[in-house]
$ cat work22.cif   # mmCIF, C-alpha atoms and all ligand atoms
data_target
#
loop_
_atom_site.group_PDB
_atom_site.id
_atom_site.type_symbol
_atom_site.label_atom_id
_atom_site.label_comp_id
_atom_site.auth_asym_id
_atom_site.auth_seq_id
_atom_site.Cartn_x
_atom_site.Cartn_y
_atom_site.Cartn_z
ATOM 1 C CA MET A 1 86.725 92.040 73.702
ATOM 2 C CA ASP A 2 83.455 90.224 73.831
ATOM 3 C CA THR A 3 80.485 91.724 72.181
ATOM 4 C CA THR A 4 77.135 90.131 71.787
ATOM 5 C CA GLY A 5 75.400 89.922 68.457
ATOM 6 C CA THR A 6 73.479 92.892 67.128
ATOM 7 C CA LEU A 7 71.294 93.606 64.143
ATOM 8 C CA PHE A 8 74.453 94.278 62.126
ATOM 9 C CA MET A 9 77.022 91.870 63.513
ATOM 10 C CA PRO A 10 77.124 88.398 65.026
ATOM 11 C CA SER A 11 78.777 87.990 68.429
ATOM 12 C CA GLY A 12 82.437 88.922 68.550
ATOM 13 C CA ALA A 13 84.908 86.184 69.429
ATOM 14 C CA SER A 14 88.347 87.532 68.596
ATOM 15 C CA THR A 15 90.680 90.022 70.241
ATOM 16 C CA ILE A 16 89.943 92.701 67.673
ATOM 17 C CA SER A 17 86.197 92.219 67.337
ATOM 18 C CA GLY A 18 85.418 94.702 70.135
ATOM 19 C CA GLU A 19 87.543 97.391 68.503
ATOM 20 C CA VAL A 20 86.114 96.798 65.037
ATOM 21 C CA ASP A 21 82.609 97.040 66.457
ATOM 22 C CA ALA A 22 83.458 100.246 68.318
ATOM 23 C CA VAL A 23 84.711 101.923 65.143
ATOM 24 C CA PHE A 24 81.740 100.605 63.185
ATOM 25 C CA ASN A 25 79.238 101.786 65.798
ATOM 26 C CA PHE A 26 80.911 105.176 66.136
ATOM 27 C CA ILE A 27 80.704 105.791 62.387
ATOM 28 C CA LEU A 28 77.187 104.402 62.222
ATOM 29 C CA ILE A 29 75.851 106.493 65.113
ATOM 30 C CA ALA A 30 77.695 109.723 64.233
ATOM 31 C CA GLY A 31 76.655 109.286 60.605
ATOM 32 C CA SER A 32 73.039 108.660 61.552
ATOM 33 C CA ILE A 33 72.888 111.735 63.783
ATOM 34 C CA ILE A 34 74.396 113.982 61.108
ATOM 35 C CA PHE A 35 72.094 112.456 58.514
ATOM 36 C CA ALA A 36 69.072 113.148 60.716
ATOM 37 C CA ILE A 37 70.150 116.751 61.362
ATOM 38 C CA VAL A 38 70.883 117.500 57.690
ATOM 39 C CA VAL A 39 67.768 115.866 56.290
ATOM 40 C CA GLY A 40 65.624 117.275 59.142
ATOM 41 C CA LEU A 41 66.837 120.798 58.405
ATOM 42 C CA ILE A 42 66.305 120.380 54.664
ATOM 43 C CA ILE A 43 62.705 119.397 55.286
ATOM 44 C CA PHE A 44 62.184 122.107 57.910
ATOM 45 C CA PHE A 45 63.702 124.877 55.763
ATOM 46 C CA SER A 46 61.893 123.876 52.629
ATOM 47 C CA VAL A 47 58.602 124.141 54.443
ATOM 48 C CA ARG A 48 59.423 127.162 56.589
ATOM 49 C CA TYR A 49 61.006 129.163 53.774
ATOM 50 C CA ARG A 50 58.965 127.905 50.851
ATOM 51 C CA ARG A 51 58.130 130.466 48.201
ATOM 52 C CA ARG A 52 55.160 132.583 49.149
ATOM 53 C CA ASP A 53 53.321 135.182 47.250
ATOM 54 C CA LYS A 54 54.363 137.943 49.636
ATOM 55 C CA PRO A 55 57.533 139.594 48.319
ATOM 56 C CA GLY A 56 60.212 140.994 50.608
ATOM 57 C CA LEU A 57 60.036 138.347 53.322
ATOM 58 C CA THR A 58 63.516 136.919 52.716
ATOM 59 C CA SER A 59 66.042 138.436 55.081
ATOM 60 C CA GLY A 60 69.296 139.940 53.845
ATOM 61 C CA ILE A 61 71.577 137.733 55.990
ATOM 62 C CA SER A 62 74.456 136.523 53.843
ATOM 63 C CA HIS A 63 76.267 134.297 56.353
ATOM 64 C CA ASN A 64 76.735 133.405 60.006
ATOM 65 C CA LEU A 65 80.372 132.874 60.973
ATOM 66 C CA LYS A 66 79.677 131.086 64.291
ATOM 67 C CA LEU A 67 77.264 128.667 62.693
ATOM 68 C CA GLU A 68 79.561 127.958 59.770
ATOM 69 C CA LEU A 69 82.523 127.305 62.076
ATOM 70 C CA THR A 70 80.393 124.962 64.168
ATOM 71 C CA TRP A 71 79.200 122.852 61.263
ATOM 72 C CA THR A 72 82.720 122.674 59.922
ATOM 73 C CA ILE A 73 84.703 121.983 63.069
ATOM 74 C CA ILE A 74 82.431 119.343 64.642
ATOM 75 C CA PRO A 75 82.363 117.073 61.560
ATOM 76 C CA VAL A 76 86.124 117.538 61.087
ATOM 77 C CA ILE A 77 86.695 116.350 64.658
ATOM 78 C CA LEU A 78 84.383 113.390 64.067
ATOM 79 C CA VAL A 79 86.198 112.460 60.870
ATOM 80 C CA PHE A 80 89.534 112.645 62.672
ATOM 81 C CA PHE A 81 88.221 110.315 65.364
ATOM 82 C CA ALA A 82 86.979 107.881 62.741
ATOM 83 C CA PHE A 83 90.350 108.002 60.993
ATOM 84 C CA TYR A 84 92.387 107.679 64.167
ATOM 85 C CA PHE A 85 90.528 104.679 65.562
ATOM 86 C CA GLY A 86 89.988 103.136 62.147
ATOM 87 C CA PHE A 87 93.660 103.337 61.233
ATOM 88 C CA LYS A 88 94.810 102.125 64.635
ATOM 89 C CA THR A 89 92.564 99.059 64.360
ATOM 90 C CA TYR A 90 93.564 98.515 60.745
ATOM 91 C CA LEU A 91 97.235 98.444 61.731
ATOM 92 C CA LYS A 92 96.503 95.957 64.480
ATOM 93 C CA MET A 93 94.670 93.751 62.016
ATOM 94 C CA SER A 94 97.514 93.981 59.495
ATOM 95 C CA ILE A 95 100.489 93.248 61.723
ATOM 96 C CA VAL A 96 100.741 89.579 62.597
ATOM 97 C CA PRO A 97 102.137 88.950 66.106
ATOM 98 C CA GLY A 98 105.515 87.212 66.011
ATOM 99 C CA ASN A 99 104.393 84.223 68.064
ATOM 100 C CA ALA A 100 101.487 83.315 65.759
ATOM 101 C CA ILE A 101 101.098 79.757 64.523
ATOM 102 C CA GLU A 102 100.925 79.680 60.752
ATOM 103 C CA ILE A 103 98.312 77.773 58.801
ATOM 104 C CA LYS A 104 98.154 77.702 55.018
ATOM 105 C CA ALA A 105 94.650 78.102 53.661
ATOM 106 C CA THR A 106 93.736 77.440 50.056
ATOM 107 C CA GLY A 107 90.552 78.478 48.354
ATOM 108 C CA GLN A 108 89.315 76.573 45.335
ATOM 109 C CA LYS A 109 86.048 75.970 43.584
ATOM 110 C CA TRP A 110 84.315 75.363 45.948
ATOM 111 C CA PHE A 111 85.879 74.568 49.260
ATOM 112 C CA TRP A 112 88.619 75.566 51.661
ATOM 113 C CA SER A 113 91.591 73.440 52.585
ATOM 114 C CA PHE A 114 94.030 73.993 55.436
ATOM 115 C CA ASP A 115 97.595 72.790 55.804
ATOM 116 C CA TYR A 116 99.135 72.664 59.242
ATOM 117 C CA PRO A 117 102.870 72.829 59.918
ATOM 118 C CA GLU A 118 102.522 69.385 61.519
ATOM 119 C CA GLY A 119 101.493 67.909 58.171
ATOM 120 C CA VAL A 120 97.780 67.658 58.818
ATOM 121 C CA THR A 121 95.437 68.702 56.002
ATOM 122 C CA THR A 122 91.773 69.462 56.513
ATOM 123 C CA VAL A 123 88.955 70.485 54.221
ATOM 124 C CA ASN A 124 86.412 73.100 55.273
ATOM 125 C CA GLU A 125 87.458 72.857 58.885
ATOM 126 C CA LEU A 126 89.989 75.107 60.539
ATOM 127 C CA VAL A 127 90.815 73.973 64.052
ATOM 128 C CA VAL A 128 92.736 76.449 66.202
ATOM 129 C CA PRO A 129 93.707 76.830 69.853
ATOM 130 C CA VAL A 130 91.990 79.497 71.928
ATOM 131 C CA ASP A 131 93.926 82.594 73.082
ATOM 132 C CA GLN A 132 96.718 82.136 70.603
ATOM 133 C CA PRO A 133 97.363 84.261 67.533
ATOM 134 C CA VAL A 134 96.904 82.388 64.265
ATOM 135 C CA LYS A 135 98.339 83.596 60.985
ATOM 136 C CA VAL A 136 96.432 82.438 57.933
ATOM 137 C CA LEU A 137 98.440 82.458 54.725
ATOM 138 C CA LEU A 138 95.966 82.520 51.873
ATOM 139 C CA SER A 139 96.055 81.689 48.203
ATOM 140 C CA SER A 140 93.676 80.408 45.554
ATOM 141 C CA GLN A 141 93.929 77.549 43.085
ATOM 142 C CA ASP A 142 91.618 79.176 40.599
ATOM 143 C CA VAL A 143 89.553 82.349 40.871
ATOM 144 C CA ILE A 144 89.341 85.067 43.521
ATOM 145 C CA HIS A 145 87.735 83.930 46.772
ATOM 146 C CA SER A 146 87.461 85.764 50.063
ATOM 147 C CA PHE A 147 88.154 84.389 53.515
ATOM 148 C CA PHE A 148 85.456 85.719 55.837
ATOM 149 C CA VAL A 149 84.895 84.830 59.485
ATOM 150 C CA PRO A 150 82.214 87.251 60.694
ATOM 151 C CA ASN A 151 82.619 86.404 64.394
ATOM 152 C CA PHE A 152 86.306 87.327 64.219
ATOM 153 C CA ARG A 153 85.638 90.431 62.104
ATOM 154 C CA ILE A 154 88.174 89.398 59.489
ATOM 155 C CA LYS A 155 87.773 89.243 55.742
ATOM 156 C CA MET A 156 90.595 88.900 53.254
ATOM 157 C CA ASP A 157 90.727 88.396 49.505
ATOM 158 C CA VAL A 158 92.170 85.084 48.366
ATOM 159 C CA LEU A 159 93.970 85.418 45.045
ATOM 160 C CA PRO A 160 95.481 83.055 42.512
ATOM 161 C CA ASN A 161 99.256 83.442 42.024
ATOM 162 C CA ARG A 162 99.680 85.649 45.066
ATOM 163 C CA TYR A 163 99.695 85.258 48.829
ATOM 164 C CA THR A 164 97.588 87.329 51.161
ATOM 165 C CA VAL A 165 97.664 87.206 54.935
ATOM 166 C CA THR A 166 95.205 87.646 57.735
ATOM 167 C CA TRP A 167 95.389 86.775 61.400
ATOM 168 C CA PHE A 168 93.169 86.444 64.429
ATOM 169 C CA GLU A 169 93.270 85.462 68.038
ATOM 170 C CA ALA A 170 90.080 83.782 69.138
ATOM 171 C CA HIS A 171 89.418 84.210 72.816
ATOM 172 C CA GLN A 172 86.285 82.162 73.060
ATOM 173 C CA LYS A 173 85.966 78.469 72.394
ATOM 174 C CA GLY A 174 83.254 77.424 69.990
ATOM 175 C CA GLU A 175 82.376 76.887 66.376
ATOM 176 C CA TYR A 176 82.237 79.785 63.977
ATOM 177 C CA ASN A 177 81.141 80.084 60.381
ATOM 178 C CA LEU A 178 83.649 80.575 57.620
ATOM 179 C CA PHE A 179 82.308 81.961 54.362
ATOM 180 C CA CYS A 180 83.612 82.744 50.942
ATOM 181 C CA ALA A 181 82.662 86.381 50.445
ATOM 182 C CA GLU A 182 83.555 86.707 46.767
ATOM 183 C CA TYR A 183 81.194 85.360 44.147
ATOM 184 C CA CYS A 184 83.258 82.563 42.630
ATOM 185 C CA GLY A 185 80.883 80.495 40.515
ATOM 186 C CA THR A 186 77.789 78.325 40.690
ATOM 187 C CA GLU A 187 78.548 76.651 44.028
ATOM 188 C CA HIS A 188 79.842 79.815 45.690
ATOM 189 C CA SER A 189 77.130 79.683 48.339
ATOM 190 C CA GLU A 190 78.230 76.145 49.247
ATOM 191 C CA MET A 191 81.758 77.320 49.926
ATOM 192 C CA VAL A 192 81.303 77.383 53.664
ATOM 193 C CA GLY A 193 83.379 75.952 56.440
ATOM 194 C CA LYS A 194 83.828 76.038 60.179
ATOM 195 C CA VAL A 195 86.447 77.464 62.456
ATOM 196 C CA ARG A 196 86.590 75.328 65.568
ATOM 197 C CA VAL A 197 88.274 77.024 68.518
ATOM 198 C CA VAL A 198 89.420 74.548 71.146
ATOM 199 C CA SER A 199 91.654 74.556 74.220
ATOM 200 C CA GLU A 200 95.397 74.175 73.781
ATOM 201 C CA SER A 201 95.338 70.555 74.998
ATOM 202 C CA GLU A 202 92.387 69.642 72.774
ATOM 203 C CA TYR A 203 94.270 71.219 69.893
ATOM 204 C CA GLN A 204 97.370 69.119 70.516
ATOM 205 C CA ASN A 205 95.218 65.989 70.785
ATOM 206 C CA TRP A 206 93.410 66.859 67.597
ATOM 207 C CA LEU A 207 96.691 67.351 65.730
ATOM 208 C CA GLU A 208 97.912 64.013 66.958
ATOM 209 C CA GLU A 209 94.672 62.229 66.097
ATOM 210 C CA SER A 210 94.499 63.808 62.664
ATOM 211 C CA SER A 211 97.970 62.709 61.695
ATOM 212 C CA THR A 212 97.045 59.144 62.603
ATOM 213 C CA ALA A 213 93.439 59.369 61.330
ATOM 214 C CA GLY A 214 91.922 56.197 59.985
ATOM 215 C CA GLU A 215 93.751 53.888 62.344
ATOM 216 C CA GLY A 216 91.421 51.278 63.782
ATOM 217 C CA MET A 217 88.949 51.681 60.934
ATOM 218 C CA THR A 218 88.529 49.555 57.861
ATOM 219 C CA PRO A 219 89.654 51.367 54.697
ATOM 220 C CA ALA A 220 86.029 51.617 53.537
ATOM 221 C CA GLU A 221 84.903 53.156 56.848
ATOM 222 C CA TYR A 222 87.735 55.633 56.694
ATOM 223 C CA GLY A 223 86.849 56.358 53.056
ATOM 224 C CA ALA A 224 83.250 57.086 54.046
ATOM 225 C CA LYS A 225 84.545 59.695 56.503
ATOM 226 C CA LEU A 226 86.880 61.209 53.934
ATOM 227 C CA TYR A 227 84.047 61.397 51.404
ATOM 228 C CA ILE A 228 82.440 63.924 53.770
ATOM 229 C CA SER A 229 85.520 65.582 55.274
ATOM 230 C CA LYS A 230 87.194 66.140 51.896
ATOM 231 C CA SER A 231 83.951 67.579 50.528
ATOM 232 C CA CYS A 232 83.494 65.014 47.758
ATOM 233 C CA ASN A 233 79.849 64.970 48.858
ATOM 234 C CA THR A 234 79.269 68.527 47.623
ATOM 235 C CA CYS A 235 79.510 67.262 44.030
ATOM 236 C CA HIS A 236 79.107 63.466 44.161
ATOM 237 C CA SER A 237 76.071 61.670 45.552
ATOM 238 C CA ILE A 238 76.087 58.055 46.663
ATOM 239 C CA ASP A 239 72.447 57.326 45.849
ATOM 240 C CA GLY A 240 72.598 57.550 42.071
ATOM 241 C CA THR A 241 71.442 61.140 41.623
ATOM 242 C CA ALA A 242 73.659 63.258 39.415
ATOM 243 C CA GLY A 243 75.026 66.440 40.989
ATOM 244 C CA ASN A 244 77.819 68.635 39.718
ATOM 245 C CA GLY A 245 79.643 65.375 39.285
ATOM 246 C CA PRO A 246 78.532 61.796 38.583
ATOM 247 C CA SER A 247 77.180 59.734 41.465
ATOM 248 C CA PHE A 248 79.496 57.188 43.091
ATOM 249 C CA LYS A 249 76.739 54.595 43.104
ATOM 250 C CA ASN A 250 77.779 51.555 41.093
ATOM 251 C CA ILE A 251 80.814 53.412 39.835
ATOM 252 C CA PHE A 252 83.292 50.590 40.213
ATOM 253 C CA GLY A 253 83.509 48.244 37.251
ATOM 254 C CA LYS A 254 81.234 50.219 34.998
ATOM 255 C CA THR A 255 82.222 51.380 31.538
ATOM 256 C CA GLU A 256 82.615 55.143 31.606
ATOM 257 C CA LYS A 257 82.190 57.267 28.488
ATOM 258 C CA PHE A 258 84.252 60.416 28.167
ATOM 259 C CA ALA A 259 83.660 63.751 26.513
ATOM 260 C CA ASP A 260 86.200 62.971 23.776
ATOM 261 C CA GLY A 261 84.259 59.841 22.780
ATOM 262 C CA SER A 262 86.661 57.326 24.314
ATOM 263 C CA GLN A 263 85.715 54.984 27.113
ATOM 264 C CA ALA A 264 87.260 52.967 29.894
ATOM 265 C CA VAL A 265 86.326 50.495 32.574
ATOM 266 C CA VAL A 266 86.430 52.050 36.026
ATOM 267 C CA ASP A 267 89.140 50.369 38.077
ATOM 268 C CA GLU A 268 91.459 51.413 40.895
ATOM 269 C CA ASN A 269 93.872 53.247 38.633
ATOM 270 C CA TYR A 270 91.094 55.154 36.931
ATOM 271 C CA LEU A 271 89.686 56.229 40.301
ATOM 272 C CA ARG A 272 93.107 57.302 41.498
ATOM 273 C CA GLU A 273 93.692 59.295 38.337
ATOM 274 C CA SER A 274 90.224 60.869 38.623
ATOM 275 C CA ILE A 275 91.094 62.156 42.088
ATOM 276 C CA LEU A 276 94.588 63.430 41.322
ATOM 277 C CA GLU A 277 94.213 64.505 37.678
ATOM 278 C CA PRO A 278 90.485 65.030 37.157
ATOM 279 C CA ALA A 279 91.061 66.990 33.967
ATOM 280 C CA ASN A 280 92.669 64.043 32.149
ATOM 281 C CA LYS A 281 89.417 62.236 31.442
ATOM 282 C CA ILE A 282 86.179 64.181 31.539
ATOM 283 C CA VAL A 283 83.075 62.072 32.018
ATOM 284 C CA ALA A 284 80.622 62.711 29.161
ATOM 285 C CA GLY A 285 77.867 65.097 30.160
ATOM 286 C CA TYR A 286 79.907 66.795 32.892
ATOM 287 C CA GLN A 287 82.147 69.801 33.038
ATOM 288 C CA ASN A 288 85.784 69.977 33.956
ATOM 289 C CA ILE A 289 85.144 71.578 37.346
ATOM 290 C CA MET A 290 86.567 69.052 39.746
ATOM 291 C CA PRO A 291 89.609 70.483 41.524
ATOM 292 C CA THR A 292 92.712 68.357 41.648
ATOM 293 C CA TYR A 293 93.225 66.739 45.013
ATOM 294 C CA GLN A 294 96.964 66.553 44.445
ATOM 295 C CA GLY A 295 98.545 67.404 47.786
ATOM 296 C CA LEU A 296 95.194 67.335 49.572
ATOM 297 C CA VAL A 297 94.885 63.595 49.940
ATOM 298 C CA LYS A 298 97.593 61.204 50.941
ATOM 299 C CA ASP A 299 98.021 57.823 49.276
ATOM 300 C CA ARG A 300 96.468 56.159 52.304
ATOM 301 C CA GLU A 301 93.419 58.370 51.914
ATOM 302 C CA ILE A 302 93.099 57.637 48.207
ATOM 303 C CA ASP A 303 93.189 53.923 49.033
ATOM 304 C CA ALA A 304 90.411 54.452 51.563
ATOM 305 C CA LEU A 305 88.274 56.477 49.150
ATOM 306 C CA ILE A 306 88.649 53.775 46.501
ATOM 307 C CA ALA A 307 87.695 51.096 49.028
ATOM 308 C CA TYR A 308 84.641 53.122 49.938
ATOM 309 C CA MET A 309 83.589 53.613 46.308
ATOM 310 C CA LYS A 310 83.863 49.868 45.796
ATOM 311 C CA THR A 311 81.382 49.255 48.608
ATOM 312 C CA LEU A 312 78.897 51.492 46.773
ATOM 313 C CA SER A 313 79.074 49.274 43.717
ATOM 314 C CA ASN A 314 77.392 45.986 42.935
ATOM 315 C CA GLU A 315 80.384 44.776 41.092
ATOM 316 C CA GLN A 316 82.946 44.549 43.894
ATOM 317 C CA GLN A 317 86.316 42.998 43.363
HETATM 318 CU CU CU A 401 84.806 81.229 46.697
#
$ encode --input "work22.cif" --output "structure tokens"
Amino acid sequence: MDTTGTLFMPSGASTISGEVDAVFNFILIAGSIIFAIVVGLIIFFSVRYRRRDKPGLTSGISHNLKLELTWTIIPVILVFFAFYFGFKTYLKMSIVPGNAIEIKATGQKWFWSFDYPEGVTTVNELVVPVDQPVKVLLSSQDVIHSFFVPNFRIKMDVLPNRYTVTWFEAHQKGEYNLFCAEYCGTEHSEMVGKVRVVSESEYQNWLEESSTAGEGMTPAEYGAKLYISKSCNTCHSIDGTAGNGPSFKNIFGKTEKFADGSQAVVDENYLRESILEPANKIVAGYQNIMPTYQGLVKDREIDALIAYMKTLSNEQQ
């Protein structure tokens, strides 16, 4: 159900967000009341019954059965409520509906990629239809990440060498933040994406468009788009400034020096290799942190990226 944002949570946009919030609020409010009562009484008693210099004032009462039953039974009931609703919601969040569409999500330093059954691959953008359950099959290429969409109230660890699963059904169109919620290295805070919830027809159109993306554009124009959409821009600038990776400015045709002392002239094959097997040749002065784009970019897209990098260089050929 819909909930609006509060101090603790952003607005809820999935079918389970209302339930998660209800459990959270119940525990928060019940906990706060009990905390106030316990701490209030501690303060009251320590003042009221502080040690005085008059002996004999302490009464001989050893216990009070009614009171003890009350402060035992009420919290037990509250804990049972918290367990009952918490477990019920947990089960709902764990069991993926049979009619869910399945999207493979991969975490890697430091971006998300998504593979659709239709063959479309996106980076840092998960597009899903509204009012339809979506199963997200998660795994990591490197370290532990965590798939966190606060508006949907889902968070799931993303592990190397193992699959984890989460699911959601968004019932409100819009754009929602996707975070990595597991510290995964220097650019962890840049590991953010978007979940775009669109209508069923927009979704079908988007799938169609994405599988024919780049048509009607020159390769260099398409490459410029891919440079952003495949997240190359998080590590490579185009204005000459060095980031996590070398800038693409004037890259084509230059003589590149590598960490092992060898060197090579940057041509199409070198660029292709750098994208698919970045660990083969490490540019001197940089670390081996570029993820392989094997499987994430199609040949057509590599061609476009190379065409784009050429346009950033003086020495075009
Ligand atoms: Cu991460």
$ residues_near_ligand --input "work22.cif" --ligand "ligand CU 401 (chain A)" --cutoff "6 Å" --atoms "all atoms listed in the file" --output "PyMOL selection string"
chain A and resi 110+145+180+182+184+188+191
$ resolve_selection --input "work22.cif" --expression "the PyMOL selection byres (((chain A and resi 287-296) around 10) and not hetatm)" --output "short mmCIF file (atom, residue, chain, number, x, y, z; two decimals) with C-alpha atoms, in the coordinates of the input"
data_model
loop_
_atom_site.label_atom_id
_atom_site.label_comp_id
_atom_site.auth_asym_id
_atom_site.auth_seq_id
_atom_site.Cartn_x
_atom_site.Cartn_y
_atom_site.Cartn_z
CA GLN A 108 89.32 76.57 45.34
CA LYS A 109 86.05 75.97 43.58
CA TRP A 110 84.32 75.36 45.95
CA PHE A 111 85.88 74.57 49.26
CA SER A 113 91.59 73.44 52.58
CA PHE A 114 94.03 73.99 55.44
CA ASP A 115 97.60 72.79 55.80
CA VAL A 120 97.78 67.66 58.82
CA THR A 121 95.44 68.70 56.00
CA THR A 122 91.77 69.46 56.51
CA VAL A 123 88.96 70.48 54.22
CA GLN A 141 93.93 77.55 43.08
CA ASP A 142 91.62 79.18 40.60
CA LYS A 230 87.19 66.14 51.90
CA CYS A 232 83.49 65.01 47.76
CA CYS A 235 79.51 67.26 44.03
CA ASN A 244 77.82 68.64 39.72
CA GLY A 245 79.64 65.38 39.28
CA ALA A 259 83.66 63.75 26.51
CA GLU A 273 93.69 59.30 38.34
CA SER A 274 90.22 60.87 38.62
CA ILE A 275 91.09 62.16 42.09
CA LEU A 276 94.59 63.43 41.32
CA GLU A 277 94.21 64.50 37.68
CA PRO A 278 90.48 65.03 37.16
CA ALA A 279 91.06 66.99 33.97
CA ASN A 280 92.67 64.04 32.15
CA LYS A 281 89.42 62.24 31.44
CA ILE A 282 86.18 64.18 31.54
CA VAL A 283 83.08 62.07 32.02
CA ALA A 284 80.62 62.71 29.16
CA GLY A 285 77.87 65.10 30.16
CA TYR A 286 79.91 66.80 32.89
CA VAL A 297 94.88 63.60 49.94
CA LYS A 298 97.59 61.20 50.94
CA ASP A 299 98.02 57.82 49.28
CA GLU A 301 93.42 58.37 51.91
CA ILE A 302 93.10 57.64 48.21
#
$ resolve_selection --input "work22.cif" --expression "the PyMOL selection byres (((chain A and resi 200) around 10) and not hetatm)" --output "number ranges by chain"
A: 128-132, 197-199, 201-206
$ residues_around --input "work22.cif" --residues "range 246-258 of chain A" --least-positions-apart "4" --cutoff "8 Å" --atoms "all atoms listed in the file" --output "list of chain:residue names"
A:Cys235, A:His236, A:Ser237, A:Ile238, A:Asp239, A:Gly240, A:Thr241, A:Ala242, A:Ser262, A:Gln263, A:Ala264, A:Val265, A:Val266, A:Asp267, A:Lys281, A:Ile282, A:Val283, A:Ala284, A:Tyr286, A:Met309, A:Lys310, A:Leu312, A:Ser313, A:Asn314, A:Glu315, A:Gln316
$ atom_distance --input "work22.cif" --atom1 "CA of Pro160 in chain A" --atom2 "CA of Ser94 in chain A"
20.3 Å
$ atom_distance --input "work22.cif" --atom1 "CA of Arg196 in chain A" --atom2 "CA of Leu126 in chain A"
6.1 Å
$ atom_distance --input "work22.cif" --atom1 "CA of His171 in chain A" --atom2 "CA of Leu159 in chain A"
28.2 Å
